[in-house]
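J.: Quick one: the structure is below, questions incoming.
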Amino acid sequence: MSFTPPRRYWLTGAGNGIGASLAEEILKSGAHLAVSSRSVAPLKVLSQRYPGQVLVVAGDLTNSQTVREIGEQIAEEWGALDTVILNAGTCEYVDVQQFDASIVEHVVRTNLLASSFCIQAALPLLRAGTAPYLVGVASSVTYLPLPRSEAHGTSKPGLRYLFESSRIDLAPDGIEVTVVSPGFVETPLTAQNSPTPLGWPVDKAARHIFAELKDRPLEIAFPALFMADLWPLSKPPHRANLAIGKRMVRSNPPIKDQP
């Protein structure tokens with residue numbers, strides 16, 4: 001009987017929200033999983049619950065040197081990766097009456113530039129892997145402008161373009177690419193918004209994503225009615241009254257990249 005080695009994953013943003021629930025789904029399948037987030041504690045808990053399956057590679061992914069070191073650590077431990085899921089991201093809302101460009105800088109760095117750093121570190125490992133697969137978590141808001149979303153809405157279309165362009169260029173290497181576009185999911189980032197009837201519990205979202213990834217579609221977008229629900233928000237009569245426009249305060253200032 002032939003032995004099939006466990007599939008090797010790298011998942012970013014694994015400390016909470018969709019990432020934490022997606023990590024559970026991956027590990028329950030018996031795969032090996034490298035997990036990244038700024039917070040080490042939840043990753044260590046995960047490694048204790050799934051002994052021998054988890055490689056903790058925590059760090060600030062907005063720092064290119066840190067990401068290079070994470071890639072080197074994975075290479076030293078496993079030699080290759082089979083699937084990379086870039087899920088880490090943030091969301092902050094902009095008040096145009098007191099426009100703060102540092103918010104845009106911070107969100108673009110966290111959502112877009114950090115993903116490019118991770119792709120650079122991951123590609124050599126994917127090329128050495130089995131049936132290599134690259135997955136990027138974008139957002140359904142890329143289809144429609146929303147109030148106070150100047151920062152988040154700028155970063156996510158860029159992220160989508162990064163992955164869809166990479167899909168074309170990576171095809172000769174046999175690396176398949178999927179873009180995940182969730183709507184409102186009940187995570188810490190969306191907790192400050194008003195409840196939406198189309199919001200999905202985070203566990204349900206993670207199960208849906210993991211199930212869909214088996215078929216390697218070009219895109220996973222859910223829920224199906226999300227855009228219809230969002231359309232009225234794109235042209236509201238009183239934007240200032242929308243909960244989606246509330247300012248989200250970050251805990252750390254923008255982080256400059258280190259050469």
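By order of appearance in the structure tokens: chains A, B, ..., then residues from 1 within every chain, and ligands from 1 in the order shown.
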Determine, counting only C-alpha atoms, which protein, DNA and RNA residues have an atom within 10 Å of an atom of stretch 109-116 of chain A; residues of the same chain fewer than 3 positions away are not included. Present the result as a PyMOL selection string.

T.: chain A and resi 12+60-64+67+85-91+103-106+119-122+136-138+151-152+154-160+162-163+254-257

J.: Can I get the selected residues back with C-alpha atoms, as a short mmCIF file (atom, residue, chain, number, x, y, z; two decimals), in the first residue's frame?

T.:
data_model
loop_
_atom_site.label_atom_id
_atom_site.label_comp_id
_atom_site.auth_asym_id
_atom_site.auth_seq_id
_atom_site.Cartn_x
_atom_site.Cartn_y
_atom_site.Cartn_z
CA THR A 12 -1.76 33.60 7.31
CA ASP A 60 4.44 40.88 11.39
CA LEU A 61 3.83 40.16 7.71
CA THR A 62 4.05 43.84 6.79
CA ASN A 63 7.81 43.54 7.35
CA SER A 64 9.44 41.95 4.31
CA VAL A 67 8.34 37.23 5.87
CA ILE A 85 -3.69 30.59 1.81
CA LEU A 86 -3.05 34.31 2.29
CA ASN A 87 -5.86 35.39 4.56
CA ALA A 88 -4.29 38.04 6.82
CA GLY A 89 -5.79 41.50 6.54
CA THR A 90 -7.36 44.45 8.29
CA CYS A 91 -10.14 46.97 7.79
CA ILE A 103 -5.01 54.90 7.40
CA VAL A 104 -4.84 54.16 3.69
CA GLU A 105 -1.11 53.44 3.99
CA HIS A 106 -1.62 51.07 6.90
CA ILE A 119 3.96 35.40 -2.40
CA GLN A 120 7.66 36.09 -2.88
CA ALA A 121 8.51 33.81 0.03
CA ALA A 122 6.01 31.13 -0.96
CA GLY A 136 -5.84 34.78 -1.71
CA VAL A 137 -8.68 36.10 0.44
CA ALA A 138 -9.97 39.35 -1.06
CA ALA A 151 -8.70 52.43 2.50
CA HIS A 152 -10.15 48.92 2.60
CA THR A 154 -8.47 50.46 -2.33
CA SER A 155 -6.46 47.54 -0.98
CA LYS A 156 -8.79 44.68 -1.89
CA PRO A 157 -9.13 45.33 -5.66
CA GLY A 158 -5.34 45.56 -5.76
CA LEU A 159 -5.16 42.22 -3.99
CA ARG A 160 -7.60 40.70 -6.46
CA LEU A 162 -2.35 40.67 -7.82
CA PHE A 163 -3.75 37.14 -7.62
CA PRO A 254 1.73 52.20 10.32
CA ILE A 255 4.83 50.06 10.16
CA LYS A 256 7.59 51.01 7.75
CA ASP A 257 9.16 48.25 5.72
#

J.: Could you tell me which of A:Pro172, A:Asp215, A:Val135, A:Ser37 comes closest to A:Gly17 if we count only C-alpha atoms?

T.: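 Once distances to A:Gly17 are computed over only C-alpha atoms, the minimum belongs to A:Ser37.
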
J.: Do you have the atom CA of A:Val54-atom CA of A:Leu134 distance handy?

T.: 19.1 Å

J.: For A:Pro217, please output as a PyMOL selection string all residues within 10 Å (counting only C-alpha atoms; exclusion window: fewer than 3 positions along the same chain).

T.: chain A and resi 176-180+212-214+220

J.: Enter the distance from atom CA of A:Gln73 to atom CA of A:Ala31, in Å, rounded to one decimal.

T.: 18.1 Å

J.: Interatomic distance between atom CA of A:Glu69 and atom CA of A:Tyr9?

T.: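 Between these atoms lies a distance of 16.8 Å.
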
J.: Give me, as an mmCIF file with N, CA and C atoms, in the first residue's frame, all polymer residues having an atom no more than 10 Å from A:Ser21, counting only C-alpha atoms and skipping those fewer than 6 positions away in the same chain.

T.:
data_model
loop_
_atom_site.group_PDB
_atom_site.id
_atom_site.type_symbol
_atom_site.label_atom_id
_atom_site.label_comp_id
_atom_site.auth_asym_id
_atom_site.auth_seq_id
_atom_site.Cartn_x
_atom_site.Cartn_y
_atom_site.Cartn_z
ATOM 1 N N ALA A 14 -4.085 33.428 10.914
ATOM 2 C CA ALA A 14 -4.658 32.227 11.529
ATOM 3 C C ALA A 14 -5.024 32.421 12.993
ATOM 4 N N GLY A 15 -4.818 33.619 13.527
ATOM 5 C CA GLY A 15 -5.029 33.825 14.956
ATOM 6 C C GLY A 15 -6.471 34.044 15.352
ATOM 7 N N VAL A 202 -18.660 32.575 11.357
ATOM 8 C CA VAL A 202 -17.305 32.346 10.860
ATOM 9 C C VAL A 202 -17.024 30.866 10.615
ATOM 10 N N ASP A 203 -17.553 29.975 11.457
ATOM 11 C CA ASP A 203 -17.331 28.540 11.262
ATOM 12 C C ASP A 203 -17.962 28.058 9.954
ATOM 13 N N LYS A 204 -19.155 28.570 9.666
ATOM 14 C CA LYS A 204 -19.823 28.196 8.417
ATOM 15 C C LYS A 204 -19.020 28.689 7.216
ATOM 16 N N ALA A 205 -18.506 29.912 7.303
ATOM 17 C CA ALA A 205 -17.701 30.463 6.209
ATOM 18 C C ALA A 205 -16.451 29.619 5.970
ATOM 19 N N ALA A 206 -15.784 29.231 7.050
ATOM 20 C CA ALA A 206 -14.562 28.436 6.918
ATOM 21 C C ALA A 206 -14.855 27.070 6.303
ATOM 22 N N ARG A 207 -15.932 26.440 6.744
ATOM 23 C CA ARG A 207 -16.294 25.131 6.174
ATOM 24 C C ARG A 207 -16.596 25.261 4.684
#

J.: In terms of the shortest atom-to-atom distance over only C-alpha atoms, which of A:Ala171, A:Ala58, A:Val96, A:Ala211 is closest to A:Pro42?

T.: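 Closest candidate: A:Ala58.
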
J.: Just checking: using only C-alpha atoms, which residue out of A:Ser36, A:Thr66, A:Thr130, A:Gln98 ends up closest to A:Arg7?

T.: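 Of A:Ser36, A:Thr66, A:Thr130, A:Gln98, the one nearest A:Arg7 is A:Thr130, counting only C-alpha atoms.
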
J.: Of the candidates A:Gly52, A:Gly153, A:Gly59, A:Pro124, which shows the shortest atom-to-atom distance to A:Gly13, using only C-alpha atoms?

T.: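 Under the stated criterion, the closest residue is A:Gly59.
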
J.: Using only C-alpha atoms for the distances, tell me which of A:Arg216, A:Glu150, A:Ile209, A:His32 is nearest to A:Phe99.

T.: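 Looking at the shortest contact to A:Phe99, the residue is A:Glu150.
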
J.: Restricting the calculation to only C-alpha atoms, which member of A:Asn16, A:Gln53, A:Thr83, A:Ser29 is positioned closest to A:Ala41?

T.: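 Of the candidates, the smallest distance to A:Ala41 is held by A:Asn16.
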